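Data block for data00.csv (CSV, C-alpha atoms and all ligand atoms):
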chain,number,residue,atom,x,y,z
A,1,MET,CA,-25.5,11.5,66.6
A,2,GLN,CA,-21.8,11.8,66.6
A,3,PHE,CA,-19.5,12.6,63.7
A,4,SER,CA,-15.7,12.4,63.7
A,5,ILE,CA,-14.4,14.5,60.8
A,6,TYR,CA,-10.9,14.9,59.4
A,7,ARG,CA,-9.7,18.5,59.7
A,8,TYR,CA,-6.6,19.9,58.0
A,9,GLN,CA,-5.6,23.3,56.8
A,10,PRO,CA,-2.0,22.9,55.5
A,11,GLN,CA,-1.4,26.7,55.9
A,12,THR,CA,-2.1,26.7,59.6
A,13,ASP,CA,-2.2,23.1,61.0
A,14,ALA,CA,1.0,21.2,61.6
A,15,GLU,CA,-0.8,17.9,61.3
A,16,PRO,CA,-4.3,16.7,60.4
A,17,PHE,CA,-6.6,15.8,63.3
A,18,MET,CA,-10.0,14.3,63.8
A,19,GLN,CA,-12.7,16.7,65.2
A,20,THR,CA,-15.8,15.4,67.0
A,21,PHE,CA,-19.1,17.0,66.0
A,22,GLU,CA,-22.6,16.3,67.4
A,23,LEU,CA,-26.0,16.5,65.8
A,24,ASP,CA,-29.2,16.4,67.8
A,25,GLU,CA,-31.1,13.1,67.1
A,26,ALA,CA,-34.2,15.2,66.3
A,27,GLN,CA,-32.3,17.0,63.6
A,28,VAL,CA,-31.4,13.7,61.8
A,29,THR,CA,-34.5,12.9,59.8
A,30,ASP,CA,-35.1,9.6,58.1
A,31,ASP,CA,-34.5,10.8,54.6
A,32,MET,CA,-31.6,13.1,55.5
A,33,MET,CA,-28.5,12.6,53.3
A,34,LEU,CA,-25.0,12.9,54.7
A,35,LEU,CA,-24.5,16.1,52.8
A,36,GLY,CA,-27.5,17.6,54.6
A,37,ALA,CA,-25.9,16.6,57.9
A,38,LEU,CA,-22.6,18.2,56.9
A,39,GLU,CA,-24.3,21.4,56.0
A,40,LEU,CA,-25.8,21.5,59.5
A,41,LEU,CA,-22.4,20.8,61.0
A,42,ARG,CA,-20.9,23.7,59.0
A,43,GLU,CA,-23.4,26.0,60.7
A,44,GLN,CA,-21.6,24.9,64.0
A,45,ASP,CA,-18.2,25.5,62.5
A,46,PRO,CA,-18.1,27.6,59.3
A,47,THR,CA,-14.5,26.6,58.6
A,48,LEU,CA,-15.5,23.0,57.9
A,49,THR,CA,-14.7,22.6,54.2
A,50,PHE,CA,-16.2,20.1,51.6
A,51,ARG,CA,-17.2,20.2,48.0
A,52,SER,CA,-20.8,19.8,46.7
A,53,SER,CA,-22.9,21.0,43.9
A,54,CYS,CA,-25.8,19.1,42.4
A,55,LYS,CA,-27.0,17.4,45.6
A,56,GLU,CA,-28.4,14.5,43.6
A,57,GLY,CA,-25.5,12.2,42.7
A,58,VAL,CA,-24.9,13.7,39.2
A,59,CYS,CA,-22.0,16.1,39.4
A,60,GLY,CA,-19.5,13.9,41.3
A,61,SER,CA,-18.1,16.6,43.5
A,62,ASP,CA,-18.7,15.3,47.0
A,63,GLY,CA,-16.9,12.0,47.1
A,64,MET,CA,-15.5,11.3,50.6
A,65,ASN,CA,-14.5,8.4,52.7
A,66,VAL,CA,-17.2,7.5,55.2
A,67,ASN,CA,-16.7,4.8,57.7
A,68,GLY,CA,-13.9,3.4,55.5
A,69,GLN,CA,-15.9,3.5,52.3
A,70,ASN,CA,-15.8,6.0,49.5
A,71,VAL,CA,-19.2,7.5,48.9
A,72,LEU,CA,-21.1,10.5,47.5
A,73,SER,CA,-22.4,12.3,50.6
A,74,CYS,CA,-25.4,13.6,48.8
A,75,ILE,CA,-26.9,10.2,48.1
A,76,THR,CA,-25.8,8.5,51.3
A,77,ARG,CA,-28.5,8.3,53.9
A,78,VAL,CA,-27.3,9.3,57.4
A,79,ARG,CA,-29.5,6.7,59.0
A,80,THR,CA,-27.7,3.8,57.2
A,81,LEU,CA,-24.4,4.9,58.8
A,82,LYS,CA,-23.0,3.5,62.0
A,83,ALA,CA,-22.3,6.2,64.6
A,84,PRO,CA,-19.9,7.8,65.3
A,85,VAL,CA,-19.7,8.5,61.6
A,86,VAL,CA,-16.0,8.8,60.6
A,87,ILE,CA,-15.5,11.1,57.6
A,88,ARG,CA,-12.2,11.5,55.9
A,89,PRO,CA,-11.1,12.9,52.5
A,90,MET,CA,-10.8,10.2,49.8
A,91,PRO,CA,-7.4,8.6,50.2
A,92,GLY,CA,-4.4,8.6,47.9
A,93,LEU,CA,-4.5,12.2,46.6
A,94,PRO,CA,-3.2,15.4,48.3
A,95,VAL,CA,-5.5,17.2,50.7
A,96,ILE,CA,-6.2,20.8,49.9
A,97,ARG,CA,-8.2,21.4,53.0
A,98,ASP,CA,-10.4,19.2,55.2
A,99,LEU,CA,-12.4,16.9,52.9
A,100,VAL,CA,-11.3,18.7,49.7
A,101,ILE,CA,-8.6,16.8,47.8
A,102,ASP,CA,-6.5,17.8,44.8
A,103,MET,CA,-7.8,15.7,41.9
A,104,ASP,CA,-5.4,16.9,39.2
A,105,LEU,CA,-3.7,13.6,38.8
A,106,PHE,CA,-7.0,11.9,38.5
A,107,TYR,CA,-8.1,14.3,35.7
A,108,GLN,CA,-4.8,14.0,34.0
A,109,GLN,CA,-5.2,10.3,33.7
A,110,TYR,CA,-8.6,10.8,32.3
A,111,GLU,CA,-7.3,13.3,29.7
A,112,ALA,CA,-4.5,10.8,28.8
A,113,VAL,CA,-6.9,8.3,27.4
A,114,ASP,CA,-8.3,10.8,24.8
A,115,PRO,CA,-11.8,10.6,26.1
A,116,TYR,CA,-13.5,12.0,23.0
A,117,LEU,CA,-14.8,10.5,19.8
A,118,GLN,CA,-12.3,10.3,16.9
A,119,PRO,CA,-14.5,9.5,13.9
A,120,THR,CA,-12.0,10.8,11.3
A,121,GLN,CA,-8.4,10.8,10.4
A,122,PRO,CA,-6.6,13.9,11.8
A,123,ASN,CA,-6.4,15.6,8.4
A,124,GLN,CA,-9.9,14.7,7.4
A,125,THR,CA,-12.8,17.1,8.1
A,126,ILE,CA,-16.1,15.7,9.4
A,127,ASP,CA,-19.1,15.7,7.1
A,128,LEU,CA,-21.6,17.7,9.1
A,129,ASP,CA,-24.5,16.9,6.8
A,130,HIS,CA,-24.5,13.3,7.8
A,131,GLU,CA,-25.1,11.8,11.2
A,132,LEU,CA,-22.8,9.1,12.5
A,133,LEU,CA,-25.3,6.4,12.8
A,134,GLN,CA,-25.2,3.5,15.2
A,135,SER,CA,-27.4,0.5,15.4
A,136,PRO,CA,-29.3,0.0,18.8
A,137,GLU,CA,-26.9,-2.9,19.5
A,138,GLU,CA,-23.8,-0.7,18.9
A,139,ARG,CA,-25.3,1.9,21.1
A,140,GLU,CA,-26.0,-0.6,23.8
A,141,ARG,CA,-22.3,-1.5,24.0
A,142,LEU,CA,-21.7,1.9,25.6
A,143,ASP,CA,-24.0,1.2,28.5
A,144,GLY,CA,-22.2,0.9,31.7
A,145,SER,CA,-19.3,3.2,30.7
A,146,TYR,CA,-20.7,6.5,29.6
A,147,GLU,CA,-22.6,7.1,32.9
A,148,CYS,CA,-19.4,7.8,34.9
A,149,ILE,CA,-19.5,11.1,36.7
A,150,LEU,CA,-15.8,11.3,37.4
A,151,CYS,CA,-16.3,11.4,41.2
A,152,GLY,CA,-13.1,9.5,41.8
A,153,CYS,CA,-14.5,7.2,44.4
A,154,CYS,CA,-13.1,4.2,42.4
A,155,ALA,CA,-9.6,5.5,41.7
A,156,THR,CA,-9.0,6.7,45.3
A,157,SER,CA,-10.0,3.3,46.6
A,158,CYS,CA,-7.6,1.5,44.3
A,159,PRO,CA,-4.3,0.5,45.9
A,160,SER,CA,-2.6,0.4,42.4
A,161,PHE,CA,-3.7,4.0,41.9
A,162,TRP,CA,-2.4,5.0,45.3
A,163,TRP,CA,1.1,3.6,44.5
A,164,ASN,CA,1.3,5.0,40.9
A,165,PRO,CA,-1.3,7.8,40.4
A,166,ASP,CA,1.0,9.5,37.8
A,167,GLN,CA,1.5,6.4,35.7
A,168,PHE,CA,-1.4,4.0,36.2
A,169,HIS,CA,-4.5,5.3,34.4
A,170,GLY,CA,-6.8,4.0,37.2
A,171,PRO,CA,-10.3,2.6,37.0
A,172,ALA,CA,-12.2,5.7,35.9
A,173,ALA,CA,-9.9,6.6,33.0
A,174,LEU,CA,-9.8,3.0,31.9
A,175,LEU,CA,-13.6,2.8,32.0
A,176,ALA,CA,-13.6,5.9,29.7
A,177,ALA,CA,-11.0,4.3,27.5
A,178,ARG,CA,-13.2,1.2,27.1
A,179,ARG,CA,-16.1,3.5,26.2
A,180,PHE,CA,-14.3,4.9,23.2
A,181,VAL,CA,-12.6,1.6,22.3
A,182,VAL,CA,-15.9,-0.1,21.8
A,183,ASP,CA,-17.7,2.8,20.2
A,184,SER,CA,-18.5,1.8,16.6
A,185,ARG,CA,-18.0,5.3,15.3
A,186,ASP,CA,-14.5,5.7,16.5
A,187,ILE,CA,-11.8,4.8,14.0
A,188,THR,CA,-8.8,4.8,16.3
A,189,THR,CA,-9.5,1.6,18.1
A,190,ARG,CA,-6.2,0.0,17.2
A,191,ASP,CA,-4.2,3.0,18.2
A,192,ARG,CA,-6.1,3.3,21.5
A,193,LEU,CA,-5.5,-0.3,22.3
A,194,GLU,CA,-1.8,0.0,21.4
A,195,LYS,CA,-1.4,3.0,23.6
A,196,LEU,CA,-3.1,1.2,26.5
A,197,ASP,CA,-0.9,-1.9,26.2
A,198,ASP,CA,1.6,-0.8,28.8
A,199,VAL,CA,3.0,-2.2,32.0
A,200,TYR,CA,2.0,1.0,33.9
A,201,LYS,CA,-1.0,2.5,32.2
A,202,THR,CA,-3.3,-0.6,32.2
A,203,PHE,CA,-1.4,-3.5,33.7
A,204,ARG,CA,-1.0,-2.0,37.1
A,205,CYS,CA,-4.6,-3.2,37.6
A,206,ARG,CA,-4.4,-6.3,39.8
A,207,ASN,CA,-8.1,-7.1,39.8
A,208,ILE,CA,-8.5,-6.0,43.4
A,209,GLN,CA,-12.0,-4.8,42.5
A,210,ASN,CA,-12.2,-2.0,45.1
A,211,CYS,CA,-13.2,0.2,42.2
A,212,THR,CA,-16.3,-1.7,41.4
A,213,ALA,CA,-17.2,-2.1,45.1
A,214,SER,CA,-17.1,1.7,45.6
A,215,CYS,CA,-18.7,3.1,42.5
A,216,PRO,CA,-21.8,5.1,43.6
A,217,LYS,CA,-23.2,4.8,40.1
A,218,GLY,CA,-23.0,1.0,40.2
A,219,LEU,CA,-20.6,0.8,37.3
A,220,ASN,CA,-18.0,-1.9,36.9
A,221,PRO,CA,-14.5,-0.5,36.0
A,222,SER,CA,-12.8,-3.7,36.9
A,223,GLN,CA,-14.8,-5.6,34.2
A,224,ALA,CA,-14.1,-2.8,31.7
A,225,ILE,CA,-10.4,-3.2,32.3
A,226,ASN,CA,-10.6,-7.0,31.8
A,227,GLU,CA,-12.5,-6.3,28.6
A,228,LEU,CA,-9.8,-4.0,27.4
A,229,LYS,CA,-7.2,-6.7,28.1
A,230,SER,CA,-9.2,-9.3,26.0
A,231,LEU,CA,-9.7,-6.7,23.2
A,232,MET,CA,-5.9,-6.3,23.2
A,233,LEU,CA,-5.5,-10.0,22.9
A,234,LYS,CA,-8.1,-10.1,20.0
A,235,LYS,CA,-6.2,-7.3,18.3
A,236,GLN,CA,-3.0,-9.4,18.4
A,237,VAL,CA,-4.7,-12.5,17.0
A,238,ASP,CA,-6.5,-10.6,14.2
B,239,MET,CA,14.2,-2.5,32.1
B,240,SER,CA,10.6,-2.0,33.2
B,241,ARG,CA,9.6,-2.2,29.5
B,242,LEU,CA,11.2,-5.6,28.8
B,243,LEU,CA,8.3,-7.9,28.2
B,244,THR,CA,5.4,-5.6,29.2
B,245,GLY,CA,1.7,-5.1,29.0
B,246,LEU,CA,-0.4,-7.7,27.4
B,247,LYS,CA,2.6,-9.9,26.4
B,248,ALA,CA,3.8,-10.1,30.0
B,249,HIS,CA,0.3,-10.9,31.1
B,250,LEU,CA,0.0,-13.8,28.6
B,251,TRP,CA,3.5,-15.2,29.3
B,252,GLN,CA,2.7,-15.1,33.0
B,253,ARG,CA,-0.3,-17.2,32.5
B,254,LEU,CA,1.3,-19.6,30.0
B,255,SER,CA,4.3,-20.1,32.3
B,256,ALA,CA,2.1,-20.6,35.3
B,257,PHE,CA,0.2,-23.3,33.4
B,258,TRP,CA,3.3,-25.0,32.2
B,259,LEU,CA,4.9,-25.0,35.7
B,260,LEU,CA,1.7,-26.4,37.2
B,261,MET,CA,1.8,-29.3,34.7
B,262,TYR,CA,5.5,-29.9,34.8
B,263,PHE,CA,6.1,-30.3,38.5
B,264,PRO,CA,3.5,-33.1,39.3
B,265,LEU,CA,4.4,-35.0,36.1
B,266,ALA,CA,8.1,-34.7,36.8
B,267,GLY,CA,7.6,-35.8,40.3
B,268,LEU,CA,5.6,-38.8,39.1
B,269,TYR,CA,8.3,-39.7,36.5
B,270,LEU,CA,11.1,-39.5,39.1
B,271,ALA,CA,9.2,-41.4,41.7
B,272,ASN,CA,8.8,-44.3,39.4
B,273,GLN,CA,12.5,-44.7,38.7
B,274,THR,CA,14.9,-46.9,40.8
B,275,ILE,CA,18.0,-44.9,41.3
B,276,THR,CA,20.9,-46.2,43.3
B,277,GLN,CA,23.9,-44.8,41.5
B,278,HIS,CA,25.0,-41.5,40.2
B,279,ALA,CA,25.2,-42.8,36.6
B,280,GLN,CA,21.6,-44.0,36.9
B,281,LEU,CA,20.4,-40.6,38.1
B,282,MET,CA,22.2,-38.9,35.2
B,283,ALA,CA,20.6,-41.3,32.7
B,284,VAL,CA,17.1,-40.7,34.2
B,285,LEU,CA,17.6,-36.9,34.0
B,286,ALA,CA,19.0,-37.1,30.5
B,287,GLN,CA,16.0,-38.9,29.1
B,288,PRO,CA,15.3,-36.7,26.1
B,289,LEU,CA,11.6,-35.8,26.7
B,290,PHE,CA,12.3,-35.1,30.4
B,291,TRP,CA,15.4,-33.1,29.6
B,292,VAL,CA,13.8,-30.9,27.0
B,293,ALA,CA,10.8,-30.3,29.3
B,294,THR,CA,13.1,-29.4,32.1
B,295,LEU,CA,15.0,-27.0,30.0
B,296,ILE,CA,11.8,-25.2,28.9
B,297,THR,CA,10.8,-25.2,32.6
B,298,LEU,CA,14.0,-23.4,33.6
B,299,GLY,CA,13.4,-20.7,30.9
B,300,LEU,CA,9.8,-20.3,32.0
B,301,ILE,CA,10.7,-20.0,35.7
B,302,ALA,CA,12.9,-17.1,34.7
B,303,VAL,CA,10.1,-15.5,32.7
B,304,HIS,CA,7.6,-16.1,35.5
B,305,ALA,CA,9.9,-14.7,38.1
B,306,TRP,CA,10.8,-11.7,35.9
B,307,VAL,CA,7.1,-10.6,35.4
B,308,GLY,CA,6.0,-11.5,38.9
B,309,VAL,CA,8.8,-9.9,40.8
B,310,ARG,CA,8.9,-6.9,38.5
B,311,ASP,CA,5.2,-6.3,39.2
B,312,ILE,CA,5.9,-6.3,43.0
B,313,LEU,CA,8.8,-4.0,42.6
B,314,LEU,CA,6.9,-1.5,40.4
B,315,ASP,CA,4.0,-1.6,42.9
B,316,TYR,CA,5.9,-1.2,46.2
B,317,LEU,CA,9.4,0.3,45.7
B,318,PRO,CA,9.9,4.0,45.8
B,319,ARG,CA,10.2,5.3,42.2
B,320,SER,CA,13.9,6.2,42.6
B,321,SER,CA,15.0,2.7,43.4
B,322,VAL,CA,13.0,0.8,40.8
B,323,GLY,CA,15.6,1.1,38.0
B,324,VAL,CA,18.4,-0.3,40.1
B,325,ALA,CA,16.2,-3.0,41.6
B,326,LEU,CA,15.1,-4.1,38.1
B,327,LEU,CA,18.6,-4.2,36.9
B,328,ALA,CA,19.6,-6.4,39.9
B,329,LEU,CA,16.6,-8.6,39.3
B,330,GLY,CA,17.5,-9.0,35.6
B,331,ALA,CA,21.1,-9.7,36.4
B,332,GLY,CA,20.2,-12.2,39.1
B,333,LEU,CA,17.8,-14.1,36.9
B,334,GLY,CA,20.4,-14.0,34.1
B,335,VAL,CA,23.1,-15.5,36.2
B,336,TRP,CA,20.6,-18.1,37.7
B,337,LEU,CA,19.4,-19.1,34.2
B,338,GLY,CA,23.0,-19.4,32.9
B,339,PHE,CA,23.9,-21.6,35.8
B,340,ALA,CA,20.7,-23.7,35.4
B,341,ILE,CA,21.4,-24.2,31.7
B,342,TYR,CA,25.0,-25.1,32.4
B,343,THR,CA,23.9,-27.7,34.9
B,344,ALA,CA,21.4,-29.2,32.5
B,345,TRP,CA,24.1,-29.4,29.9
B,346,SER,CA,26.5,-31.1,32.2
B,347,VAL,CA,23.8,-33.7,33.0
B,348,LEU,CA,23.8,-34.5,29.3
B,349,VAL,CA,27.5,-34.8,29.2
B,350,GLN,CA,27.7,-37.1,32.2
B,351,ALA,CA,24.9,-39.4,31.0
A,401,LIG,S1,-9.7,-3.8,39.8
A,401,LIG,FE1,-7.9,-2.7,39.1
A,401,LIG,S2,-8.6,-0.6,38.9
A,401,LIG,FE2,-10.1,-1.7,40.2
A,401,LIG,S3,-9.4,-1.3,42.3
A,401,LIG,FE3,-8.5,-3.2,41.6
A,401,LIG,S4,-6.5,-2.7,40.8
A,401,LIG,FE4,-7.7,-0.8,40.9
A,402,LIG,S1,-16.5,4.8,37.6
A,402,LIG,FE1,-17.9,5.2,39.3
A,402,LIG,S2,-16.6,5.7,41.0
A,402,LIG,FE2,-15.3,5.8,39.3
A,402,LIG,S3,-15.3,8.0,38.8
A,402,LIG,FE3,-16.9,7.0,37.5
A,402,LIG,S4,-18.8,7.2,38.7
A,402,LIG,FE4,-17.1,7.6,40.1
A,403,LIG,S1,-23.3,17.0,45.1
A,403,LIG,FE1,-23.2,16.3,43.0
A,403,LIG,S2,-22.8,14.2,43.2
A,403,LIG,FE2,-23.1,14.8,45.3
Take the structure in the file and write it out as structure tokens.
Amino acid sequence: MQFSIYRYQPQTDAEPFMQTFELDEAQVTDDMMLLGALELLREQDPTLTFRSSCKEGVCGSDGMNVNGQNVLSCITRVRTLKAPVVIRPMPGLPVIRDLVIDMDLFYQQYEAVDPYLQPTQPNQTIDLDHELLQSPEERERLDGSYECILCGCCATSCPSFWWNPDQFHGPAALLAARRFVVDSRDITTRDRLEKLDDVYKTFRCRNIQNCTASCPKGLNPSQAINELKSLMLKKQVD
Amino acid sequence: MSRLLTGLKAHLWQRLSAFWLLMYFPLAGLYLANQTITQHAQLMAVLAQPLFWVATLITLGLIAVHAWVGVRDILLDYLPRSSVGVALLALGAGLGVWLGFAIYTAWSVLVQA
């Protein structure tokens, strides 16, 4: 089975290039994941560089662009891929080396939406003797947003994020923003919505829906963004 | 300039103006098609009919709003960051001049009718 893999070491290569690798058909078992295949290929060329950690779709470190689609290599079966399998780093962010990209801007956008619970005023201390209770229904509203593993598959397939990665929050950060906006225990809902009501931060989203199509966890950032917009509207009417 | 009419407000105005324009043009077309116009004075009278005139004036304003939000979005998406400021200024000025001229024309229709 043939693989065509993006190679680039900024320190030594003048330009990126595609390198062809080959795996013996007998080596490609039915249940082999792409990450397994990459590990075998790395035995052929130990300089081949990619990230991975949990190997079970939980840590979000091995996002890459495979045959034009952003995926997690550890949960993508090799047998489902059309050969030659073309593997590139996820687009839109700087390449550090081969398939490893610099995700700083992505994380900065995540940080910018204050992705933590704010159940008290800044000068108030939290009463640790009492739990912050939620009804099952209130808890249910968080479903579909808290499961994000920050792999970046969505943001790096979003054209709006490609154009303005330093100003547009992007789908993952906005999904996280939604998670805290709808949390019944958070008291900063209004401030959060006000902060998000911005021509760049939220409204660069043009409903292209690449984000939703590429999320390996089956989440729907595009819907979350639309929900944020209607919550902003509701806030204005209230 | 990029912050003039932004975020949710821009989003809503864009929808509102789109809806208005979609209603206005077919209705205006229907209204004008049903008039017999052979002379300049007749045309002016038709255009100056109060309901039509006011609707047209609102339309002119909403075209400017629609163009501002829509074209600004395209500029913010596609222009290099360094040219966005100048481009928005040019867009704002262009739309301002256009709107001024359009309102002046509408006014002179009233005067001539
Ligand atoms: S729906 Fe919005 S966030 Fe998702 S890919 Fe499209 S523009 Fe990006
Ligand atoms: S929303 Fe999905 S694709 Fe985006 S970072 Fe989270 S898990 Fe990854
Ligand atoms: S290695 Fe952790 S998600 Fe793939």
Got a sec: who's within 12 Å of Glu39 of chain A, counting all atoms listed in the file, leaving out chain neighbours fewer than 3 positions off, as a VMD selection string? chain A and resid 23 27 to 28 32 to 36 42 to 52 55 73 to 74
Dump as a PDB file, keeping the file's coordinate frame, selection limited to C-alpha atoms:
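Generated output (part-v3.pdb):
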ATOM      1  CA  LEU A  23     -26.000  16.500  65.800  1.00  0.00           C
ATOM      2  CA  GLN A  27     -32.300  17.000  63.600  1.00  0.00           C
ATOM      3  CA  VAL A  28     -31.400  13.700  61.800  1.00  0.00           C
ATOM      4  CA  MET A  32     -31.600  13.100  55.500  1.00  0.00           C
ATOM      5  CA  MET A  33     -28.500  12.600  53.300  1.00  0.00           C
ATOM      6  CA  LEU A  34     -25.000  12.900  54.700  1.00  0.00           C
ATOM      7  CA  LEU A  35     -24.500  16.100  52.800  1.00  0.00           C
ATOM      8  CA  GLY A  36     -27.500  17.600  54.600  1.00  0.00           C
ATOM      9  CA  ARG A  42     -20.900  23.700  59.000  1.00  0.00           C
ATOM     10  CA  GLU A  43     -23.400  26.000  60.700  1.00  0.00           C
ATOM     11  CA  GLN A  44     -21.600  24.900  64.000  1.00  0.00           C
ATOM     12  CA  ASP A  45     -18.200  25.500  62.500  1.00  0.00           C
ATOM     13  CA  PRO A  46     -18.100  27.600  59.300  1.00  0.00           C
ATOM     14  CA  THR A  47     -14.500  26.600  58.600  1.00  0.00           C
ATOM     15  CA  LEU A  48     -15.500  23.000  57.900  1.00  0.00           C
ATOM     16  CA  THR A  49     -14.700  22.600  54.200  1.00  0.00           C
ATOM     17  CA  PHE A  50     -16.200  20.100  51.600  1.00  0.00           C
ATOM     18  CA  ARG A  51     -17.200  20.200  48.000  1.00  0.00           C
ATOM     19  CA  SER A  52     -20.800  19.800  46.700  1.00  0.00           C
ATOM     20  CA  LYS A  55     -27.000  17.400  45.600  1.00  0.00           C
ATOM     21  CA  SER A  73     -22.400  12.300  50.600  1.00  0.00           C
ATOM     22  CA  CYS A  74     -25.400  13.600  48.800  1.00  0.00           C
TER      23      CYS A  74
END
Within 6 Å of ligand LIG 402 (chain A) (counting only C-alpha atoms and all ligand atoms), which residues show up? I'd like them as a PyMOL selection string. chain A and resi 148-154+172+215-217+219+221
Q. With all atoms listed in the file as the atoms that count, which of B:Tyr269, B:Phe263, B:Tyr316, B:Trp306 lies nearest to chain A?
A.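 Among the listed residues, B:Tyr316 lies closest to chain A.
All residues, whether protein, DNA or RNA, that have an atom at most 8 Å from ligand LIG 401 (chain A) (counting only C-alpha atoms and all ligand atoms) are Cys154, Ala155, Ser157, Cys158, Pro159, Ser160, Phe161, Gly170, Pro171, Ala172, Leu174, Arg204, Cys205, Arg206, Asn207, Ile208, Gln209, Asn210, Cys211, Thr212, Pro221, Ser222, Gln223 and Ile225 of chain A.
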Distance limit 6 Å, reference ligand LIG 403 (chain A), atoms considered: all atoms listed in the file. Which residues make the cut? Give them as a PDB file with C-alpha atoms, in the coordinates of the input.
ATOM      1  CA  SER A  52     -20.800  19.800  46.700  1.00  0.00           C
ATOM      2  CA  SER A  53     -22.900  21.000  43.900  1.00  0.00           C
ATOM      3  CA  CYS A  54     -25.800  19.100  42.400  1.00  0.00           C
ATOM      4  CA  LYS A  55     -27.000  17.400  45.600  1.00  0.00           C
ATOM      5  CA  GLU A  56     -28.400  14.500  43.600  1.00  0.00           C
ATOM      6  CA  GLY A  57     -25.500  12.200  42.700  1.00  0.00           C
ATOM      7  CA  VAL A  58     -24.900  13.700  39.200  1.00  0.00           C
ATOM      8  CA  CYS A  59     -22.000  16.100  39.400  1.00  0.00           C
ATOM      9  CA  GLY A  60     -19.500  13.900  41.300  1.00  0.00           C
ATOM     10  CA  SER A  61     -18.100  16.600  43.500  1.00  0.00           C
ATOM     11  CA  ASP A  62     -18.700  15.300  47.000  1.00  0.00           C
ATOM     12  CA  LEU A  72     -21.100  10.500  47.500  1.00  0.00           C
ATOM     13  CA  SER A  73     -22.400  12.300  50.600  1.00  0.00           C
ATOM     14  CA  CYS A  74     -25.400  13.600  48.800  1.00  0.00           C
TER      15      CYS A  74
END
- Query: Counting only C-alpha atoms, which residues from chain B have an atom at most 12 Å from any atom of chain A, and could you show them as a PyMOL selection string?
  - Reply: chain B and resi 239-250+307-308+310-319
| task | Could you please determine the separation between atom CA of Leu254 of chain B and atom CA of Leu295 of chain B in Å, to one decimal place? | result |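 A separation of 15.6 Å between them.
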**Item:** Interatomic distance, atom CA of Gln109 of chain A to atom CA of Asp166 of chain A (Å, one decimal)
**Value:**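 Going from atom CA of Gln109 of chain A over to atom CA of Asp166 of chain A, I get 7.5 Å.
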Would you list the contacts of Thr297 of chain B as a PDB file with C-alpha atoms, keeping the file's coordinate frame, taking every protein, DNA or RNA residue within 10 Å and counting all atoms listed in the file, but skipping same-chain residues closer than 5 positions in sequence?
ATOM      1  CA  SER B 255       4.300 -20.100  32.300  1.00  0.00           C
ATOM      2  CA  TRP B 258       3.300 -25.000  32.200  1.00  0.00           C
ATOM      3  CA  LEU B 259       4.900 -25.000  35.700  1.00  0.00           C
ATOM      4  CA  TYR B 262       5.500 -29.900  34.800  1.00  0.00           C
ATOM      5  CA  PHE B 263       6.100 -30.300  38.500  1.00  0.00           C
ATOM      6  CA  TRP B 291      15.400 -33.100  29.600  1.00  0.00           C
ATOM      7  CA  VAL B 292      13.800 -30.900  27.000  1.00  0.00           C
ATOM      8  CA  ALA B 302      12.900 -17.100  34.700  1.00  0.00           C
ATOM      9  CA  VAL B 303      10.100 -15.500  32.700  1.00  0.00           C
TER      10      VAL B 303
END
For His169 of chain A, the closest of A:Val182, A:Val100, A:Leu132, A:Val113 counting all atoms listed in the file is A:Val113
Exercise for review: Anything within 7 Å of (13.0, -6.5, 38.7): list those residues as a PyMOL selection string, counting all atoms listed in the file and sticking to the file's coordinates.
Suggested key: chain B and resi 306+309-310+313+325-330
